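Notes follow the structure.
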Amino acid sequence: MNLIELVRAENIDGIVRELVGLTPDQRRAFLPELKVIRKEIRDAEWPAPDGKPVLIAGLGCHTSPSGAADWIGGPGLGWSEVSRHPALLAVIESQPLEWQHDVVARLAERRPGRWWGEYRLLEHLVRTTGCPVPTSDEFVLSWVHERSAKHYDLPAHLTGRMPGDNLWDRLSGDSFVPLLVPRLFEIADIGTSLDRSWYVTEPGGGWPVCLARLTEQGVLDRAEMLDGCLARLVRGGRVGDQRVFLKVLQALAPSTDENAARVRSYLALLDAVSTVAVHAQQVLGELDDAGLLAADLLVEASGTVLFRTEKKLVRTQLVRLDKAAGRDPALAGQVVLAASEAFGHPDPEVQEHTLKLIARHLAAAGEGVLPRLREAAEALHPAHTASAGELLGAQLPSGTYEELLPPVPQPAPVPGPLGSPAEVAEELSAILLGDPDVVAFERALDGLVRQAHLSRPALTEALLPVLAGHNHARRDWEDCTARDLLYVARAATSGYAPTGALRSRDHTSPFGHQLAGRLEEAARLIIARRTPYLLATPTSGTGALDAAVLVERLAGYEAVDAKDGDADLSQALLRVVPTDDPDVLAAAERLTSTAGQRTARWLKAGGLPTRLSGPGYLGTAAEPGLAPWEVIRRLDAVSQQVEQSLAVPDEPLAADCRWLLQPQAPAARTYVSRSPESAQWLSVFPNHRELLAAKMLTWSGGVANPEVKGCTRLLPHLAEAAGPAGPAVHLAVGYGLGARLPEDRLAAVDGLLVLAARGDLDGALLGGMLADMASCGLAEPARLAKSFRTAADTGAYGTVWSVLAGALPGLLSRTSARGLGELLGVAVDCAQRSGARGAIAKVSEAAGRGGANQVVKQAKALREVLATGD
């Protein structure tokens, strides 16, 4: 049997023996056939044939190190398993030593990966051949994983694993340590690998402790370790990275003199993540107590710390400044000017502490500091303006309040249709690689139909390179999304469109099912080639469709006797903007086709017949004893009320649209780790945002569950849509304001500000909803405080106050959750800045309670602000 026959017979021992008797030229001659076999194995259906024989044979036939490394390091044939096979090592060791060195270096650069078999083969070769120890990122990462892992049996033909049942035993006798440890400070995101203490049996300690012990023994240079840790911390990065290198630094326990020599690094760390900044502040404080921190460096440190939002860091720095001025009155001027940076801190209590510090040292500082202090005091919370003016001897400007809101967004018009197959292919490729907006998706769908009608062969030629890199494999439980445009493209190139390929009512939302119906119909229209373009392509970036354009498209259909699609026409009717233009209505009346007559009747009736003026939200503020489940039931009833207010259209619509318009029970929700909503949802009926919000509340596991990632990404677009903004829209925004993730809360804040800019925000309604959400655990006051602080910082103090004024009575009656004091602090700021007046009974009641907790203190401050001028 020759080598190829041995490979196909999967005779590995025979392959090794055969390779020994072959010349280099003979080995190279087998490579083309081996590549064919390799491709056959990679393309085979599961279960695939064994890939070890062809990998071992191919390695032996590559006489150049670069080719051998490419063969081993290429994608997929079980290389991790092959690397533990004795035959592979035998083939490698039969090659010249220089060849082995080169292959090891190349594999270490591209992929020892993190699977122990691959790395151990390379380590064995490094130790047995005497080649240089690789220091590539991947090799170092693999070394860290190998040393961290608990003991696994090593194949008998491999050597090199350091003995020992814990990390210290393995590192203490490892000659790789001096070479590879310095690289730990240079590799990005290695911290999580070093901090996996669950990998390590504890007697010898984890990586930070072991590195410190190795430094004590002189295996590692102490100065280099300290400098490496500090440089890595200064460079920043992920929190996990910062945490582990901070542990290493603390385990090294630098002396006061060592820290003093690196004071500049510690000053830079004051701008790092919170835990690192706290450590740097402690070190600088110790240097200050030892008299080793110059006054200018203390001032420089304060300039960084006092801009941070963490109250503990800021207060500690203020105490440090206070001590410095008390210790040396000559520093008072520098101290009070440095402390004045805290006038801009968002916490009014920090500002109050700063004023007290400045008051203690102002006399020693002298009048020369007053102009700069007065300038800095303009950033103070309005509640401190009077006391600051009295302290600094001048009345601070209060200014005239002006609400700042974002400009009202104007929907962008949709560009003309895609003009060639190449443009369609380009747009489709962009959609498949990302999350497209409505305009891109709709133009691509229309482009597929339009260009297939003009020349399907030309479209097929343009699409084939795009389709080659994408597989349209769907799971039954996946909702239909923009990516399923691939189904239409494949139908355009193959002429085959399997019915029902995109639908599964058991697992998809009504929105996804309606989109699936449109895509399946578009594929059929392409194959039939009687449809020159689609009717439902929007004319506005919101998804809306101009009535005159729809009438014009239908007239074009009639001129060429085109076939319309029921799903396409139904979507067009749901998107069309109602009009009373007599010319448009008259043109519609002149249409003679069935689709034209349906459209004329729809436009004459005023579009989708909605009655969104039902009973509204039945709040629970007047019933503080209501059980949480009853509050949740009333919140859930919002979407049901809106959906039930939708009248049944007289004009028949496609079955998918009729199902979408039917009222749904909240029990239909499926809570997932990420919200299923997509931009295509908003474009189904873009002129009815209240109905959109109700449908999203019913079907989305995100908007109705603020713990879900991405739950609010559509809220800004929902606020920009047309139609009334009633209870459902406000409830969706309310859920978003209490979302778990900061980026999700930010999207909800954008939605809130857009509603306010358009004059559609009902602050009392939203405030009452938020109080109800907080009472049953659906919105934590701490999260709401962060959302409203973000909104207020844009200059929308009046907007935020209008909501908080409606929320505070219910919040103070029924909620004592963490963050209520912080939320009251935002209310104090917004009420003062916007000039709000008029007592709120529950606020006055909370202010009269005993104690000095944050809620009582902020309630007193708010009561005073609201009483000003009464």
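How things are named: the first chain in the structure tokens is A, the next is B, and so on; residues count from 1 in each chain; ligands count from 1 in the order shown.
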
*Excluding same-chain residues fewer than 3 positions from region 805-821 of chain A, what lies within 6 Å of it counting only C-alpha atoms, as number ranges by chain?*
A: 621, 764, 767-768, 771, 775, 781-782, 801-802, 824, 842, 854-855

Would you export the selected residues with N, CA and C atoms as a short mmCIF file (atom, residue, chain, number, x, y, z; two decimals), in the first residue's frame, please?
```cif
data_model
loop_
_atom_site.label_atom_id
_atom_site.label_comp_id
_atom_site.auth_asym_id
_atom_site.auth_seq_id
_atom_site.Cartn_x
_atom_site.Cartn_y
_atom_site.Cartn_z
N ALA A 621 -52.02 54.96 42.97
CA ALA A 621 -51.48 55.87 43.98
C ALA A 621 -52.46 56.10 45.12
N ALA A 764 -47.18 63.66 34.95
CA ALA A 764 -47.94 63.08 36.05
C ALA A 764 -48.27 61.62 35.79
N GLY A 767 -45.00 59.64 36.10
CA GLY A 767 -44.59 59.61 37.50
C GLY A 767 -45.42 58.63 38.31
N GLY A 768 -46.73 58.63 38.11
CA GLY A 768 -47.57 57.67 38.82
C GLY A 768 -47.24 56.24 38.47
N ALA A 771 -44.04 55.19 40.29
CA ALA A 771 -44.30 54.89 41.70
C ALA A 771 -44.90 53.50 41.85
N SER A 775 -43.25 50.14 43.69
CA SER A 775 -43.94 49.49 44.81
C SER A 775 -43.99 47.98 44.65
N PRO A 781 -35.64 52.51 42.87
CA PRO A 781 -35.36 53.95 42.94
C PRO A 781 -33.91 54.31 42.63
N ALA A 782 -32.97 53.42 42.97
CA ALA A 782 -31.56 53.72 42.69
C ALA A 782 -31.33 53.83 41.19
N TRP A 801 -38.45 67.25 36.65
CA TRP A 801 -39.28 67.59 37.80
C TRP A 801 -40.75 67.26 37.54
N SER A 802 -41.21 67.46 36.33
CA SER A 802 -42.62 67.17 36.04
C SER A 802 -42.93 65.69 36.27
N LEU A 824 -34.56 61.59 45.66
CA LEU A 824 -35.03 62.87 46.23
C LEU A 824 -34.00 63.96 46.00
N LYS A 842 -46.84 64.68 50.80
CA LYS A 842 -46.02 63.54 51.19
C LYS A 842 -44.57 63.93 51.43
N GLN A 854 -30.86 59.78 54.73
CA GLN A 854 -30.81 60.54 53.49
C GLN A 854 -32.20 60.95 53.02
N VAL A 855 -33.18 60.08 53.19
CA VAL A 855 -34.53 60.40 52.74
C VAL A 855 -35.07 61.62 53.49
#
```

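Minimum atom-to-atom distance to Pro582 (chain A), evaluated using only C-alpha atoms, belongs to A:Ala547 out of A:Leu731, A:Leu55, A:Ala547, A:Ala555.
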
*asked:* Which residues are close to region 188-190 of chain A, i.e. within 12 Å by only C-alpha atoms, leaving aside same-chain residues fewer than 2 positions away? Reply as a PyMOL selection string.
replied: chain A and resi 137-138+140-145+181+183-186+192-196+207+232-233+235-245

For the residues selected in the previous step, produce a file with N, CA and C atoms as a short mmCIF file (atom, residue, chain, number, x, y, z; two decimals), in the first residue's frame.
```cif
data_model
loop_
_atom_site.label_atom_id
_atom_site.label_comp_id
_atom_site.auth_asym_id
_atom_site.auth_seq_id
_atom_site.Cartn_x
_atom_site.Cartn_y
_atom_site.Cartn_z
N ASP A 137 2.08 36.02 22.46
CA ASP A 137 0.92 36.16 23.32
C ASP A 137 0.23 34.81 23.54
N GLU A 138 0.01 34.07 22.45
CA GLU A 138 -0.72 32.81 22.55
C GLU A 138 0.05 31.78 23.35
N VAL A 140 2.24 32.39 25.76
CA VAL A 140 2.21 32.80 27.17
C VAL A 140 0.85 32.52 27.78
N LEU A 141 -0.22 32.80 27.06
CA LEU A 141 -1.56 32.51 27.56
C LEU A 141 -1.73 31.01 27.81
N SER A 142 -1.22 30.21 26.89
CA SER A 142 -1.33 28.75 27.06
C SER A 142 -0.50 28.29 28.26
N TRP A 143 0.66 28.89 28.44
CA TRP A 143 1.50 28.56 29.60
C TRP A 143 0.77 28.89 30.90
N VAL A 144 0.11 30.04 30.94
CA VAL A 144 -0.63 30.43 32.15
C VAL A 144 -1.75 29.43 32.43
N HIS A 145 -2.49 29.04 31.40
CA HIS A 145 -3.57 28.08 31.58
C HIS A 145 -3.03 26.72 32.03
N VAL A 181 7.13 35.67 32.64
CA VAL A 181 6.41 36.55 33.56
C VAL A 181 6.43 38.01 33.11
N ARG A 183 6.21 39.15 30.28
CA ARG A 183 5.22 39.30 29.21
C ARG A 183 3.79 39.42 29.75
N LEU A 184 3.57 38.98 31.00
CA LEU A 184 2.23 39.08 31.58
C LEU A 184 1.75 40.51 31.64
N PHE A 185 2.67 41.45 31.79
CA PHE A 185 2.30 42.86 31.91
C PHE A 185 2.00 43.51 30.56
N GLU A 186 2.21 42.77 29.50
CA GLU A 186 2.07 43.34 28.15
C GLU A 186 0.89 42.78 27.37
N THR A 192 -8.05 37.86 33.65
CA THR A 192 -9.01 36.83 34.03
C THR A 192 -8.35 35.46 34.09
N SER A 193 -7.34 35.23 33.24
CA SER A 193 -6.63 33.95 33.28
C SER A 193 -5.78 33.82 34.53
N LEU A 194 -5.23 34.93 35.01
CA LEU A 194 -4.39 34.90 36.20
C LEU A 194 -5.21 34.85 37.48
N ASP A 195 -6.47 35.22 37.40
CA ASP A 195 -7.27 35.37 38.61
C ASP A 195 -8.27 34.24 38.80
N ARG A 196 -8.12 33.16 38.07
CA ARG A 196 -9.04 32.03 38.22
C ARG A 196 -8.58 31.17 39.39
N TRP A 207 -1.81 33.22 41.59
CA TRP A 207 -0.74 33.90 40.84
C TRP A 207 -0.16 35.11 41.58
N ARG A 232 1.14 48.55 33.96
CA ARG A 232 -0.08 47.88 33.48
C ARG A 232 -1.32 48.56 34.05
N LEU A 233 -1.31 48.95 35.31
CA LEU A 233 -2.46 49.61 35.91
C LEU A 233 -2.69 50.99 35.30
N ARG A 235 -1.95 51.82 32.30
CA ARG A 235 -2.45 51.62 30.94
C ARG A 235 -3.95 51.41 30.92
N GLY A 236 -4.54 50.94 32.00
CA GLY A 236 -5.98 50.72 32.06
C GLY A 236 -6.36 49.40 31.42
N GLY A 237 -7.65 49.24 31.18
CA GLY A 237 -8.15 47.99 30.61
C GLY A 237 -9.37 47.52 31.35
N ARG A 238 -9.71 46.26 31.15
CA ARG A 238 -10.90 45.70 31.79
C ARG A 238 -10.72 45.62 33.29
N VAL A 239 -11.85 45.62 33.97
CA VAL A 239 -11.81 45.60 35.44
C VAL A 239 -11.10 44.34 35.93
N GLY A 240 -11.33 43.20 35.27
CA GLY A 240 -10.66 41.96 35.69
C GLY A 240 -9.15 42.06 35.61
N ASP A 241 -8.66 42.68 34.56
CA ASP A 241 -7.22 42.90 34.42
C ASP A 241 -6.70 43.79 35.55
N GLN A 242 -7.39 44.88 35.77
CA GLN A 242 -6.96 45.83 36.79
C GLN A 242 -6.96 45.18 38.18
N ARG A 243 -7.97 44.38 38.43
CA ARG A 243 -8.08 43.76 39.75
C ARG A 243 -6.91 42.82 40.04
N VAL A 244 -6.54 41.98 39.08
CA VAL A 244 -5.50 41.00 39.36
C VAL A 244 -4.13 41.66 39.48
N PHE A 245 -3.85 42.67 38.67
CA PHE A 245 -2.53 43.31 38.78
C PHE A 245 -2.45 44.19 40.03
#
```

*List the neighbours of Asp296 (chain A) out to 12 Å using only C-alpha atoms; skip same-chain residues closer than 3 positions along the sequence, and give me the result as a list in words.*
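Residues near the query, excluding close chain neighbours: Leu267, Asp288, Leu292, Leu293, Val299, Glu300, Ala301, Ser302, Gly303, Leu321, Ala324, Leu331, Gly333, Gln334, Val335 and Ala338 of chain A.
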
Do you have, as JSON lines, the list of residues of region 512-579 of chain A lying at most 12 Å from region 583-589 of chain A, each with its nearest atom pair and that distance in Å to one decimal, counting only C-alpha atoms and ordered by chain then number?
```
{"residue": "A:Asp546", "atom": "CA", "partner": "A:Val584", "partner_atom": "CA", "distance": 10.2}
{"residue": "A:Ala547", "atom": "CA", "partner": "A:Val584", "partner_atom": "CA", "distance": 7.2}
{"residue": "A:Ala548", "atom": "CA", "partner": "A:Val584", "partner_atom": "CA", "distance": 5.6}
{"residue": "A:Val549", "atom": "CA", "partner": "A:Val584", "partner_atom": "CA", "distance": 9.3}
{"residue": "A:Leu550", "atom": "CA", "partner": "A:Ala588", "partner_atom": "CA", "distance": 9.1}
{"residue": "A:Val551", "atom": "CA", "partner": "A:Ala588", "partner_atom": "CA", "distance": 5.8}
{"residue": "A:Glu552", "atom": "CA", "partner": "A:Ala587", "partner_atom": "CA", "distance": 8.4}
{"residue": "A:Arg553", "atom": "CA", "partner": "A:Ala588", "partner_atom": "CA", "distance": 10.8}
{"residue": "A:Leu554", "atom": "CA", "partner": "A:Ala588", "partner_atom": "CA", "distance": 8.8}
{"residue": "A:Ala555", "atom": "CA", "partner": "A:Ala588", "partner_atom": "CA", "distance": 8.7}
{"residue": "A:Val577", "atom": "CA", "partner": "A:Val584", "partner_atom": "CA", "distance": 11.8}
{"residue": "A:Pro578", "atom": "CA", "partner": "A:Leu585", "partner_atom": "CA", "distance": 10.4}
{"residue": "A:Thr579", "atom": "CA", "partner": "A:Val584", "partner_atom": "CA", "distance": 7.9}
```

*asked:* Considering only C-alpha atoms, can you say which of A:Trp699, A:Tyr401, A:Trp629, A:Trp99 comes closest to Gly795 (chain A)?
replied: A:Tyr401

*asked:* I'd like the contact shell of Ala747 (chain A) - 7 Å cut-off, only C-alpha atoms, skipping same-chain residues fewer than 5 positions apart - returned as an MDAnalysis selection string.
replied: chainID A and resid 712:713 715:716

*DSSP alpha helix (DSSP H) selection over region 239-383 of chain A, as a PyMOL selection string*: chain A and resi 239-252+256-260+263-269+274-289+295-305+311-327+332-339+348-365+370-376

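Each of A:Gly228, A:Pro178, A:Pro609, A:Gly710 was compared to Thr135 (chain A) using only C-alpha atoms, and A:Pro178 turns out to be the nearest.
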